[in-house]
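Comments concern the structure below.
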Amino acid sequence: MADQEKRDLVSIEDLSGAEILELFHHADEFRANLRAWSDLCRGAIMATLFFEPSTRTRLSFESSMLRLGGGVISAADEKNTSRSKGESLADTVRVVGGGYADILVVRHPEDGAARVAAQYARVPVVNGGDGAHEHPNKTLCDLYTLWKEKGRLEGLEVVLCGDLRYSRTIHSFCYALARFGANIVTMPYPGFELPDYVLHRLRRDYGVQAAAASVADLPGIAGSSNAAAYLTSSKPHQLALFTNLTNIEVNRIDAIYMTRAQRERHTGESTANYPRLSRTTLDAAAARDARVMHPLPRVDEIDYDVDDDPRSVYFRQAELGVPMRMALMAFLLGKIQLRAARPAFASVTRGIEAGAGLRCRNERCITNNEGVRYLAPDFRLREAEVPPVLSCAYCEREIEARFVGHGQSRVFHRYNAPEARRIKPENRVYFESEAQAQAAGFQPNAG
Amino acid sequence: MADQEKRDLVSIEDLSGAEILELFHHADEFRANLRAWSDLCRGAIMATLFFEPSTRTRLSFESSMLRLGGGVISAADEKNTSRSKGESLADTVRVVGGGYADILVVRHPEDGAARVAAQYARVPVVNGGDGAHEHPNKTLCDLYTLWKEKGRLEGLEVVLCGDLRYSRTIHSFCYALARFGANIVTMPYPGFELPDYVLHRLRRDYGVQAAAASVADLPGIAGSSNAAAYLTSSKPHQLALFTNLTNIEVNRIDAIYMTRAQRERHTGESTANYPRLSRTTLDAAAARDARVMHPLPRVDEIDYDVDDDPRSVYFRQAELGVPMRMALMAFLLGKIQLRAARPAFASVTRGIEAGAGLRCRNERCITNNEGVRYLAPDFRLREAEVPPVLSCAYCEREIEARFVGHGQSRVFHRYNAPEARRIKPENRVYFESEAQAQAAGFQPNAG
Amino acid sequence: MADQEKRDLVSIEDLSGAEILELFHHADEFRANLRAWSDLCRGAIMATLFFEPSTRTRLSFESSMLRLGGGVISAADEKNTSRSKGESLADTVRVVGGGYADILVVRHPEDGAARVAAQYARVPVVNGGDGAHEHPNKTLCDLYTLWKEKGRLEGLEVVLCGDLRYSRTIHSFCYALARFGANIVTMPYPGFELPDYVLHRLRRDYGVQAAAASVADLPGIAGSSNAAAYLTSSKPHQLALFTNLTNIEVNRIDAIYMTRAQRERHTGESTANYPRLSRTTLDAAAARDARVMHPLPRVDEIDYDVDDDPRSVYFRQAELGVPMRMALMAFLLGKIQLRAARPAFASVTRGIEAGAGLRCRNERCITNNEGVRYLAPDFRLREAEVPPVLSCAYCEREIEARFVGHGQSRVFHRYNAPEARRIKPENRVYFESEAQAQAAGFQPNAG
């Protein structure tokens with residue numbers, strides 16, 4: 001790794017589509033004989049730093065690393081140890097990533113925490129789930145399962161069901177499905193719809209269009225959701241199929257992805273009549289070739305007597321996680337090389353530095369929580385105009401900046417004023433409001 | 001393991017007596033040089049899933065697996081992780097046993113949990129203690145210690161002292177001692193006698209007969225127990241010795257097995273004047289050649305100044321657990337083969353299927369707790385008549401079925417009615433009462 | 001290890017100065033390529049037994065052992081497992097050190113616990129921190145950092161800042177600095193001064209003299225402490241430099257060792273205006289060549305913007321812990337041999353046995369807590385007269401014994417009575433007061 005920049009997996013966007021497909025082939029190789037790779041990463045150590053408890057994810061990573069011949073050190077419930085003495089995540093990853101371990105897997109309750117870890121650690125960081133933000137390694141495993149089951153990702157019809165609001169797994173999965181050209185049918189439990197910022201990002205980054213959806217009757221699921229939507233990429237081949245996007249009828253489903261209610265992130269919402277997938281659901285014609293997926297742990301949202309149905313692949317999904325994670329770890333540790341090109345980040349300007357006066361509006365964002373002590377606000381420009389949209393460099397929550405100042409002259413303008421447009425990108429400082437600009441010591445345009 | 005049915009260690013009955021003795025010899029080999037086996041299980045992974053905390057058992061298994069060259073993943077306090085999200089044991093073992101690990105060690109607070117784990121996991125499961133049910137790997141280690149100390153098991157006089165009611169270690173140990181022809185002297189703390197269902201099973205499965213016992217004075221122990229009993233197998237060679245079983249005088253003791261009060265399973269019982277083994281106890285003539293055993297952890301029931309007595313073998317007992325568990329793990333992982341025959345289960349009919357209306361009467365049984373969501377009642381017929389006795393397939397608690405129905409005609413009869421006897425075994429449905437039969441939709445015999 | 005007495009690291013005194021320097025050179029070798037040593041300790045198992053949570057120390061040891069090719073078993077929060085069933089530390093280490101593991105690392109909240117562990121375990125024990133007593137492996141790592149940064153230890157000027165009262169790291173560090181001839185400037189937060197017993201030991205064992213110190217202005221630090229003291233060894237070469245020890249002016253600082261407030265050991269003390277090291281502090285002339293050290297975790301006592309200063313070595317300190325601990329473990333496991341002589345303990349008489357009537361006055365000492373059940377008081381004579389000073393063999397707290405009895409005649413005298421002086425050392429029994437002597441059944445001198 002000496003001469004290369006380290007790679008992290010903070011967001012599923014950190015891997016290009018071609019890299020992901022190449023990793024799938026490596027996972028297949030690992031899977032062919034799980035016990036045959038115990039020399040590949042010998043001498044390397046992985047640390048699992050879990051600030052939220054999770055058996056499944058932690059054990060899957062640990063198993064993967066052991067099967068690669070590496071060692072594992074684990075802080076399974078960090079909330080109760082150094083954190084109780086007040087240590088910051090930045091310090092923890094600098095210590096553990098400084099000689100203790102050669103790769104870190106971090107789970108943390110605050111949105112954006114994984115980016116902080118990647119920024120401060122000098123070894124690769126894998127996001128094992130950060131707040132309600134992303135869970136990209138899980139997404140890799142889910143995509144891998146779908147790809148193995150269906151032989152492709154493009155054009156698949158994937159139903160997402162249940163708590164789409166707080167499930168970071170769902171958010172990461174949506175971005176990836178859109179990227180690979182799959183269509184998404186959201187069937188949220190009322191009040192737990194996909195957040196607007198996820199929809200915005202799907203639209204902007206992948207040209208996803210939304211329409212109302214009429215889903216062929218899926219007993220136990222369809223009835224409990226009153227807001228089914230169809231999200232489809234506006235890639236040419238898709239547009240040809242859907243000339244009228246007002247109400248799509250979905251008659252064939254390739255996968256139903258059920259999620260449990262993420263009660264640990266709720267604030268008192270009731271989940272009475274939460275959707276429940278049963279044998280009857282699978283009797284529906286549209287579900288004939290569907291695969292039933294679930295990130296696990298399941299509570300009651302899939303009946304136990306569905307387990308034996310060959311279309312139920314949730315345990316297989318967990319199983320495929322081991323070879324998929326072996327491929328990921330081996331790649332990040334530099335033990336396998338990918339031929340595919342890395343993702344291009346060219347369109348994203350680098351972070352807007354501190355002093356801009358902007359503050360992330362996501363109350364769960366790490367910049368508004370433990371990061372207050374040491375993180376400067378950092379934003380990326382996503383859309384330059386109408387009005388400018390910036391996203392928090394940590395949690396990716398977006399804000400609209402209606403005012404733009406000049407870093408030297410300390411004068412600010414409305415974003416669409418001609419003076420604003422003349423400010424060079426490197427001098428631009430963004431504000432949400434006049435008050436915010438003035439609080440940061442900027443003057444309104446004298447004109 | 002490809003072509004073989006997997007083996008589990010849920011109950012000590014899952015190993016034949018000859019297999020156990022053969023494992024002892026393997027343990028001796030491992031023990032000769034603990035560090036010489038680090039290639040035997042290389043590439044294999046053991047998961048310890050502990051839903052109740054236990055350092056000793058967990059560390060002993062982990063050490064054994066590491067000494068065999070395998071890897072370890074560990075969920076040391078599952079109560080607080082996925083379980084808090086509501087996941088069932090069945091799901092957990094399907095996930096962890098599906099690619100994560102090649103063998104599972106499970107400790108769980110509910111009786112019968114280990115059988116559930118073995119049923120759902122596709123890899124071998126070792127019962128690391130399930131509720132107040134069994135702790136068979138501990139029993140293996142205890143038997144191994146006794147066998148090494150005394151050179152045999154048959155005919156030994158073993159005193160069991162203290163909390164015989166809640167100690168699952170004691171229950172497993174009793175069955176094994178009876179099987180190997182050792183005699184048991186129970187000296188329970190008042191109110192903590194061996195449960196009736198353990199006594200019944202000892203009698204039925206091993207022909208054990210009970211008699212009052214007069215134990216030669218054992219200061220600190222004998223005085224605190226007012227219900228000493230002598231349990232001896234009715235094998236021919238034993239019957240010859242005990243023609244009159246009204247009151248056995250025990251003058252030579254081979255081992256005193258002390259137990260702590262299992263306070264975590266008590267419901268408010270006082271343990272004042274709990275027995276306490278001291279130097280004075282060991283001064284008794286009957287204890288001259290006795291070995292003092294204890295499953296550990298000890299609280300106050302053995303004085304610290306007994307530790308240095310050469311007859312105190314409780315730390316040796318812990319030490320022998322490592323090679324014994326190495327032998328067990330290597331066997332279950334298919335790395336050592338046993339020549340001895342497997343136990344014969346021919347006499348036990350297969351489970352009586354759901355719909356029988358029977359419900360396990362053990363409130364701690366997993367079928368009455370977390371299994372309610374997914375487990376059907378399952379019973380095995382232990383005695384066919386006078387009246388029929390069935391035992392829960394999970395926790396082994398027994399019930400009497402005074403009524404027998406016909407699965408097709410849905411008519412039921414008293415167990416000893418001629419019509420009942422004519423029902424073929426495969427059509428029999430058992431009930432505890434008429435009300436239960438009627439609640440299950442069966443009609444009383446019209447006659 | 002067969003023929004050798006086992007070595008432990010309970011106190012930093014358990015290693016001679018020459019051994020420590022030799023270990024530094026071994027650490028350098030390990031550090032040159034951390035991943036090249038995975039065969040050195042293959043087959044050996046380390047157990048971490050942590051009765052107080054600590055991620056950093058535990059993970060550092062575990063990483064070190066894995067890098068040496070050994071295995072790790074871990075009880076990361078023992079407080080909640082066997083301990084809750086009432087097991088003593090002595091029993092735990094006898095079990096875990098009896099076949100489970102080949103070396104133990106123990107952290108425990110009670111002063112002196114590490115000595116108990118070393119006494120009862122038959123494998124080497126490393127003190128991972130025992131109450132407010134010592135943390136010698138941390139000290140080794142700190143000394144190693146200082147030695148690498150400055151090329152020597154003798155004559156360095158080391159500022160210790162913050163909570164010097166409860167930080168066991170500081171106590172161990174002080175003894176070691178004094179031993180190697182470094183000078184210590186204490187800048188305690190008011191109320192958190194170095195304890196008297198530490199000062200006494202520094203004076204007696206290393207001839208350290210204390211003087212008031214005027215420290216060149218260190219903004220953020222100097223102001224918050226009103227009791228700066230200069231501790232210097234009275235070795236000849238030092239005395240020559242400080243002929244007048246009334247008030248030393250310190251104009252050059254080699255290292256500033258900051259500590260957090262050890263809140264978990266406080267009893268309600270306020271820490272408002274706790275010292276805080278900032279860029280301004282480092283701007284002071286005296287700090288020009290200083291290294292900033294910290295045992296971590298940091299709370300707020302070092303500003304985050306100091307992290308990038310090349311003089312900040314606290315993360316490097318953590319990093320150097322891995323090779324240093326590799327050297328320590330390899331040494332204690334007998335895998336590397338040291339040529340240097342072991343420390344001489346000749347001047348310390350062996351423990352004064354039970355029956356002396358003495359009781360350690362340190363309420364946090366293990367002899368006054370869990371050890372009450374099984375530990376006899378044990379004291380070592382540190383100074384024979386004026387009056388005799390004895391230190392607890394476990395926590396090293398000192399007491400003055402103003403009365404001396406004769407073990408056979410059961411008569412006691414004032415320590416400076418001629419009769420007292422005539423009692424042979426092996427017959428001496430010490431008491432703090434007449435009442436204590438009489439309570440132990442001794443009679444006052446009839447004369």
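Going through the structure tokens in order, the chains are called A, B, and so on, while each chain numbers its residues from 1 and the ligands are numbered from 1 in the order shown.
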**Asked** So which bits of range 166-384 of chain A end up helix (DSSP H, G or I) when you DSSP the backbone, as JSON, numbers by chain?
**Response** {"A": [168, 169, 170, 171, 172, 173, 174, 175, 176, 177, 178, 179, 196, 197, 198, 199, 200, 201, 202, 203, 204, 205, 206, 222, 223, 224, 236, 237, 238, 239, 240, 241, 263, 264, 265, 279, 280, 281, 282, 283, 285, 286, 287, 304, 305, 306, 314, 315, 316, 317, 318, 319, 320, 321, 322, 323, 324, 325, 326, 327, 328, 329, 330, 331, 332, 366, 367, 368, 370, 371, 372, 373]}
>> For a quick test of understanding: name the residues of chain B lying within 6 Å of chain C when counting only C-alpha atoms, and present them as a PyMOL selection string.
In response: chain B and resi 35+53-54+60+63+297-299+319
Export, as a PDB file, in the first residue's frame, the selected residues with C-alpha atoms.
ATOM      1  CA  ARG B  35       0.854 -26.332  22.189  1.00  0.00           C
ATOM      2  CA  PRO B  53     -22.535 -14.158  30.702  1.00  0.00           C
ATOM      3  CA  SER B  54     -19.878 -16.713  31.595  1.00  0.00           C
ATOM      4  CA  SER B  60     -12.075 -22.432  28.113  1.00  0.00           C
ATOM      5  CA  SER B  63      -8.575 -21.401  24.467  1.00  0.00           C
ATOM      6  CA  PRO B 297     -16.925 -20.100  40.440  1.00  0.00           C
ATOM      7  CA  ARG B 298     -16.760 -20.710  44.141  1.00  0.00           C
ATOM      8  CA  VAL B 299     -18.306 -18.222  46.500  1.00  0.00           C
ATOM      9  CA  GLU B 319      -7.395 -27.129  33.753  1.00  0.00           C
TER      10      GLU B 319
END
Counting only C-alpha atoms, the residue of A:Pro425, A:Pro136, A:Pro275, A:Gly112 that sits nearest Ala176 in chain A: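 Using only C-alpha atoms, Ala176 in chain A sits closest to A:Pro136.
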- Item | strand (DSSP E) per DSSP on the backbone: members of range 82-173 of chain B, as an MDAnalysis selection string | chainID B and resid 103:108 125:130 157:162
Next, the residues of the selection above should be written as a PDB file, in the first residue's frame with N, CA and C atoms.
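The resulting file, again-v9.pdb, is reproduced below:
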ATOM      1  N   ILE B 103     -18.627 -24.204  13.898  1.00  0.00           N
ATOM      2  CA  ILE B 103     -19.152 -24.877  15.089  1.00  0.00           C
ATOM      3  C   ILE B 103     -19.618 -23.793  16.050  1.00  0.00           C
ATOM      4  N   LEU B 104     -20.703 -24.066  16.757  1.00  0.00           N
ATOM      5  CA  LEU B 104     -21.266 -23.070  17.673  1.00  0.00           C
ATOM      6  C   LEU B 104     -21.258 -23.597  19.107  1.00  0.00           C
ATOM      7  N   VAL B 105     -20.915 -22.730  20.034  1.00  0.00           N
ATOM      8  CA  VAL B 105     -21.100 -23.030  21.450  1.00  0.00           C
ATOM      9  C   VAL B 105     -22.133 -22.043  21.964  1.00  0.00           C
ATOM     10  N   VAL B 106     -23.228 -22.557  22.504  1.00  0.00           N
ATOM     11  CA  VAL B 106     -24.356 -21.704  22.871  1.00  0.00           C
ATOM     12  C   VAL B 106     -24.651 -21.817  24.361  1.00  0.00           C
ATOM     13  N   ARG B 107     -24.735 -20.694  25.026  1.00  0.00           N
ATOM     14  CA  ARG B 107     -25.265 -20.648  26.401  1.00  0.00           C
ATOM     15  C   ARG B 107     -26.498 -19.748  26.389  1.00  0.00           C
ATOM     16  N   HIS B 108     -27.555 -20.218  27.040  1.00  0.00           N
ATOM     17  CA  HIS B 108     -28.830 -19.510  26.941  1.00  0.00           C
ATOM     18  C   HIS B 108     -29.618 -19.729  28.227  1.00  0.00           C
ATOM     19  N   VAL B 125     -23.481 -28.029  17.176  1.00  0.00           N
ATOM     20  CA  VAL B 125     -23.770 -27.135  18.300  1.00  0.00           C
ATOM     21  C   VAL B 125     -23.362 -27.821  19.592  1.00  0.00           C
ATOM     22  N   VAL B 126     -22.656 -27.084  20.441  1.00  0.00           N
ATOM     23  CA  VAL B 126     -22.321 -27.567  21.769  1.00  0.00           C
ATOM     24  C   VAL B 126     -23.133 -26.765  22.776  1.00  0.00           C
ATOM     25  N   ASN B 127     -23.804 -27.468  23.650  1.00  0.00           N
ATOM     26  CA  ASN B 127     -24.581 -26.834  24.711  1.00  0.00           C
ATOM     27  C   ASN B 127     -23.621 -26.339  25.786  1.00  0.00           C
ATOM     28  N   GLY B 128     -23.513 -25.032  25.918  1.00  0.00           N
ATOM     29  CA  GLY B 128     -22.677 -24.441  26.960  1.00  0.00           C
ATOM     30  C   GLY B 128     -23.506 -24.100  28.187  1.00  0.00           C
ATOM     31  N   GLY B 129     -24.638 -24.774  28.339  1.00  0.00           N
ATOM     32  CA  GLY B 129     -25.543 -24.516  29.462  1.00  0.00           C
ATOM     33  C   GLY B 129     -26.830 -23.888  28.972  1.00  0.00           C
ATOM     34  N   ASP B 130     -27.950 -24.573  29.174  1.00  0.00           N
ATOM     35  CA  ASP B 130     -29.246 -23.990  28.778  1.00  0.00           C
ATOM     36  C   ASP B 130     -30.187 -23.992  29.971  1.00  0.00           C
ATOM     37  N   GLU B 157     -18.170 -43.753  44.776  1.00  0.00           N
ATOM     38  CA  GLU B 157     -19.162 -43.156  45.672  1.00  0.00           C
ATOM     39  C   GLU B 157     -18.994 -41.639  45.611  1.00  0.00           C
ATOM     40  N   VAL B 158     -19.963 -40.966  44.982  1.00  0.00           N
ATOM     41  CA  VAL B 158     -19.815 -39.525  44.742  1.00  0.00           C
ATOM     42  C   VAL B 158     -20.879 -38.746  45.503  1.00  0.00           C
ATOM     43  N   VAL B 159     -20.424 -37.860  46.379  1.00  0.00           N
ATOM     44  CA  VAL B 159     -21.336 -37.009  47.138  1.00  0.00           C
ATOM     45  C   VAL B 159     -21.601 -35.731  46.352  1.00  0.00           C
ATOM     46  N   LEU B 160     -22.879 -35.403  46.173  1.00  0.00           N
ATOM     47  CA  LEU B 160     -23.245 -34.133  45.527  1.00  0.00           C
ATOM     48  C   LEU B 160     -23.838 -33.241  46.600  1.00  0.00           C
ATOM     49  N   CYS B 161     -23.322 -32.038  46.725  1.00  0.00           N
ATOM     50  CA  CYS B 161     -23.657 -31.243  47.893  1.00  0.00           C
ATOM     51  C   CYS B 161     -24.042 -29.808  47.517  1.00  0.00           C
ATOM     52  N   GLY B 162     -25.087 -29.314  48.147  1.00  0.00           N
ATOM     53  CA  GLY B 162     -25.441 -27.899  47.967  1.00  0.00           C
ATOM     54  C   GLY B 162     -26.724 -27.710  47.202  1.00  0.00           C
TER      55      GLY B 162
END
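Taking CA of Phe442 in chain A and CA of Thr280 in chain C as endpoints, the distance between them is 28.4 Å.
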In Å and to one decimal, CA of Arg58 in chain A is distant from CA of Asn137 in chain A by 11.6 Å
Please report the interatomic distance between CA of Leu199 in chain C and CA of Asn183 in chain C in Å with one decimal.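 Answer for the CA of Leu199 in chain C to CA of Asn183 in chain C separation: 13.4 Å.
Excluding Arg291 in chain A and any residue on its chain fewer than 5 positions from it, the residues at most 8 Å away by only C-alpha atoms are Glu149, Asp254, Ala255, Ile256, Arg311, Ser312 and Val313 of chain A.
The closest residue to Lys138 in chain C, picked from C:Ile423, C:Glu62, C:Gln262, C:Gln317 and counting only C-alpha atoms, is C:Gln317.
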Problem - range 17-19 of chain B surroundings by only C-alpha atoms, 7 Å radius, close-in-sequence under 3 positions cut, as a VMD selection string - result: chain B and resid 22 to 23 338 340 to 341
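Here the question is which of A:Ile253, A:Leu156, A:Ala344, A:Leu328 gets nearest to Ala285 in chain A using only C-alpha atoms, and that residue is A:Ile253.
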Open item on the list: Env of Ser270 in chain B: 12 Å cut, atoms = only C-alpha atoms, seq-sep filter 6 positions within chain, self excluded. Answer as number ranges by chain.
Closed with: B: 163, 189-192, 261-263
Write out, as a PDB file, in the first residue's frame, the residues just selected, with N, CA and C atoms.
ATOM      1  N   ASP B 163     -26.686 -26.886  46.185  1.00  0.00           N
ATOM      2  CA  ASP B 163     -27.870 -26.534  45.400  1.00  0.00           C
ATOM      3  C   ASP B 163     -28.015 -27.541  44.259  1.00  0.00           C
ATOM      4  N   TYR B 189     -28.768 -28.856  50.111  1.00  0.00           N
ATOM      5  CA  TYR B 189     -29.183 -27.815  51.053  1.00  0.00           C
ATOM      6  C   TYR B 189     -30.705 -27.861  51.099  1.00  0.00           C
ATOM      7  N   PRO B 190     -31.301 -27.805  52.298  1.00  0.00           N
ATOM      8  CA  PRO B 190     -32.751 -27.979  52.384  1.00  0.00           C
ATOM      9  C   PRO B 190     -33.502 -27.029  51.441  1.00  0.00           C
ATOM     10  N   GLY B 191     -34.413 -27.601  50.680  1.00  0.00           N
ATOM     11  CA  GLY B 191     -35.183 -26.826  49.718  1.00  0.00           C
ATOM     12  C   GLY B 191     -34.560 -26.844  48.332  1.00  0.00           C
ATOM     13  N   PHE B 192     -33.348 -27.382  48.236  1.00  0.00           N
ATOM     14  CA  PHE B 192     -32.640 -27.384  46.954  1.00  0.00           C
ATOM     15  C   PHE B 192     -32.325 -28.819  46.523  1.00  0.00           C
ATOM     16  N   ALA B 261     -24.637 -21.817  45.535  1.00  0.00           N
ATOM     17  CA  ALA B 261     -26.062 -21.520  45.368  1.00  0.00           C
ATOM     18  C   ALA B 261     -26.224 -20.748  44.061  1.00  0.00           C
ATOM     19  N   GLN B 262     -27.060 -21.275  43.168  1.00  0.00           N
ATOM     20  CA  GLN B 262     -27.246 -20.648  41.850  1.00  0.00           C
ATOM     21  C   GLN B 262     -28.201 -19.461  42.013  1.00  0.00           C
ATOM     22  N   ARG B 263     -27.734 -18.427  42.687  1.00  0.00           N
ATOM     23  CA  ARG B 263     -28.621 -17.322  43.057  1.00  0.00           C
ATOM     24  C   ARG B 263     -29.328 -16.687  41.869  1.00  0.00           C
TER      25      ARG B 263
END
